[in-house]
Amino acid sequence: MEIALWTEDAIVLMDWLETVDFDEVPSEHKAVKQALTDLASRLEEVVPHELPMTPERVATAQEAVSRGIGR
């Protein structure tokens, strides 16, 4: 299965996944932690490498994604 994901969403998720402690994420099953780990690894593979993950780039992505809230 493939899931299409906007690059800006991927950057926001990747940034969050790099900072969150998966042990602190509430879940009913240990598979959630593994699924988050898998997602983080996959995002690192597919987010374009020509886009450096600088704080400025992350902020730009966060702003772009935030504009879509409530639509």
# chains A, B, ... in the order shown; residues from 1 in each chain; ligands from 1
>>> residues_around(residues="Ala10 in chain A", least_positions_apart="4", cutoff="10 Å", atoms="only C-alpha atoms", output="PyMOL selection string")
chain A and resi 4-6+14-16+40+43-44+46-48+61
>>> write_last_selection(atoms="N, CA and C atoms", output="PDB file, in the first residue's frame")
ATOM      1  N   ALA A   4       0.022   8.705  -0.341  1.00  0.00           N
ATOM      2  CA  ALA A   4       0.589   9.962  -0.831  1.00  0.00           C
ATOM      3  C   ALA A   4       0.598  10.963   0.318  1.00  0.00           C
ATOM      4  N   LEU A   5       1.701  11.679   0.465  1.00  0.00           N
ATOM      5  CA  LEU A   5       1.835  12.629   1.560  1.00  0.00           C
ATOM      6  C   LEU A   5       2.508  13.887   1.021  1.00  0.00           C
ATOM      7  N   TRP A   6       1.896  15.029   1.280  1.00  0.00           N
ATOM      8  CA  TRP A   6       2.456  16.315   0.895  1.00  0.00           C
ATOM      9  C   TRP A   6       3.813  16.467   1.581  1.00  0.00           C
ATOM     10  N   MET A  14       8.110  14.353  10.340  1.00  0.00           N
ATOM     11  CA  MET A  14       9.470  13.886  10.576  1.00  0.00           C
ATOM     12  C   MET A  14      10.110  14.666  11.718  1.00  0.00           C
ATOM     13  N   ASP A  15       9.897  15.984  11.745  1.00  0.00           N
ATOM     14  CA  ASP A  15      10.442  16.802  12.823  1.00  0.00           C
ATOM     15  C   ASP A  15       9.875  16.366  14.169  1.00  0.00           C
ATOM     16  N   TRP A  16       8.564  16.137  14.221  1.00  0.00           N
ATOM     17  CA  TRP A  16       7.932  15.702  15.475  1.00  0.00           C
ATOM     18  C   TRP A  16       8.440  14.324  15.897  1.00  0.00           C
ATOM     19  N   ALA A  40       8.957   6.867  11.045  1.00  0.00           N
ATOM     20  CA  ALA A  40      10.106   7.777  11.097  1.00  0.00           C
ATOM     21  C   ALA A  40      11.191   7.342  10.119  1.00  0.00           C
ATOM     22  N   LEU A  43       9.977   7.998   6.490  1.00  0.00           N
ATOM     23  CA  LEU A  43       9.996   9.423   6.153  1.00  0.00           C
ATOM     24  C   LEU A  43      11.421   9.895   5.870  1.00  0.00           C
ATOM     25  N   GLU A  44      12.377   9.409   6.640  1.00  0.00           N
ATOM     26  CA  GLU A  44      13.772   9.780   6.392  1.00  0.00           C
ATOM     27  C   GLU A  44      14.222   9.341   5.008  1.00  0.00           C
ATOM     28  N   VAL A  46      12.193   9.031   2.287  1.00  0.00           N
ATOM     29  CA  VAL A  46      11.453   9.629   1.177  1.00  0.00           C
ATOM     30  C   VAL A  46      11.418  11.149   1.158  1.00  0.00           C
ATOM     31  N   VAL A  47      11.666  11.819   2.280  1.00  0.00           N
ATOM     32  CA  VAL A  47      11.701  13.280   2.250  1.00  0.00           C
ATOM     33  C   VAL A  47      12.925  13.671   1.426  1.00  0.00           C
ATOM     34  N   PRO A  48      12.698  14.536   0.439  1.00  0.00           N
ATOM     35  CA  PRO A  48      13.815  14.892  -0.458  1.00  0.00           C
ATOM     36  C   PRO A  48      15.043  15.357   0.310  1.00  0.00           C
ATOM     37  N   ALA A  61       7.388  24.751   6.750  1.00  0.00           N
ATOM     38  CA  ALA A  61       6.460  23.623   6.559  1.00  0.00           C
ATOM     39  C   ALA A  61       5.329  23.689   7.572  1.00  0.00           C
TER      40      ALA A  61
END
>>> atom_distance(atom1="CA of Met53 in chain A", atom2="CA of Ile11 in chain A")
7.8 Å
>>> select_by_dssp(residues="chain A", states="alpha helix (DSSP H)", output="VMD selection string")
chain A and resid 7 to 19 31 to 46 55 to 67
>>> atom_distance(atom1="CA of Ser41 in chain A", atom2="CA of Ser66 in chain A")
24.1 Å
>>> atom_distance(atom1="CA of Pro52 in chain A", atom2="CA of Val65 in chain A")
17.8 Å
>>> closest_residue(among="A:Leu51, A:Ala59, A:Ala31, A:Ile69", to="Thr7 in chain A", atoms="only C-alpha atoms")
A:Leu51
>>> decode(residues="range 22-38 of chain A", atoms="N, CA and C atoms", output="tab-separated table (two decimals), in the first residue's frame")
chain	number	residue	atom	x	y	z
A	22	PHE	N	8.87	7.90	22.08
A	22	PHE	CA	7.82	6.93	21.75
A	22	PHE	C	7.30	6.19	22.98
A	23	ASP	N	8.13	6.09	24.00
A	23	ASP	CA	7.68	5.45	25.24
A	23	ASP	C	6.64	6.30	25.98
A	24	GLU	N	6.59	7.58	25.67
A	24	GLU	CA	5.65	8.50	26.33
A	24	GLU	C	4.34	8.67	25.54
A	25	VAL	N	4.29	8.14	24.32
A	25	VAL	CA	3.08	8.25	23.50
A	25	VAL	C	2.05	7.26	24.03
A	26	PRO	N	0.87	7.77	24.41
A	26	PRO	CA	-0.14	6.85	24.93
A	26	PRO	C	-0.58	5.86	23.85
A	27	SER	N	-0.62	4.60	24.22
A	27	SER	CA	-1.08	3.58	23.27
A	27	SER	C	-1.55	2.35	24.04
A	28	GLU	N	-2.41	1.62	23.40
A	28	GLU	CA	-2.97	0.40	24.00
A	28	GLU	C	-2.10	-0.83	23.70
A	29	HIS	N	-1.19	-0.68	22.71
A	29	HIS	CA	-0.41	-1.85	22.30
A	29	HIS	C	1.01	-1.42	21.93
A	30	LYS	N	1.97	-2.29	22.20
A	30	LYS	CA	3.38	-1.98	21.91
A	30	LYS	C	3.65	-1.84	20.41
A	31	ALA	N	2.75	-2.33	19.58
A	31	ALA	CA	2.93	-2.21	18.13
A	31	ALA	C	2.88	-0.76	17.68
A	32	VAL	N	2.23	0.11	18.46
A	32	VAL	CA	2.16	1.53	18.10
A	32	VAL	C	3.56	2.13	18.09
A	33	LYS	N	4.36	1.81	19.09
A	33	LYS	CA	5.73	2.30	19.15
A	33	LYS	C	6.52	1.83	17.93
A	34	GLN	N	6.36	0.58	17.55
A	34	GLN	CA	7.07	0.06	16.40
A	34	GLN	C	6.59	0.73	15.11
A	35	ALA	N	5.29	0.96	15.01
A	35	ALA	CA	4.75	1.61	13.81
A	35	ALA	C	5.28	3.04	13.69
A	36	LEU	N	5.40	3.75	14.80
A	36	LEU	CA	5.96	5.10	14.76
A	36	LEU	C	7.44	5.07	14.36
A	37	THR	N	8.16	4.10	14.88
A	37	THR	CA	9.56	3.93	14.50
A	37	THR	C	9.68	3.66	13.01
A	38	ASP	N	8.83	2.78	12.50
A	38	ASP	CA	8.83	2.47	11.06
A	38	ASP	C	8.50	3.71	10.23
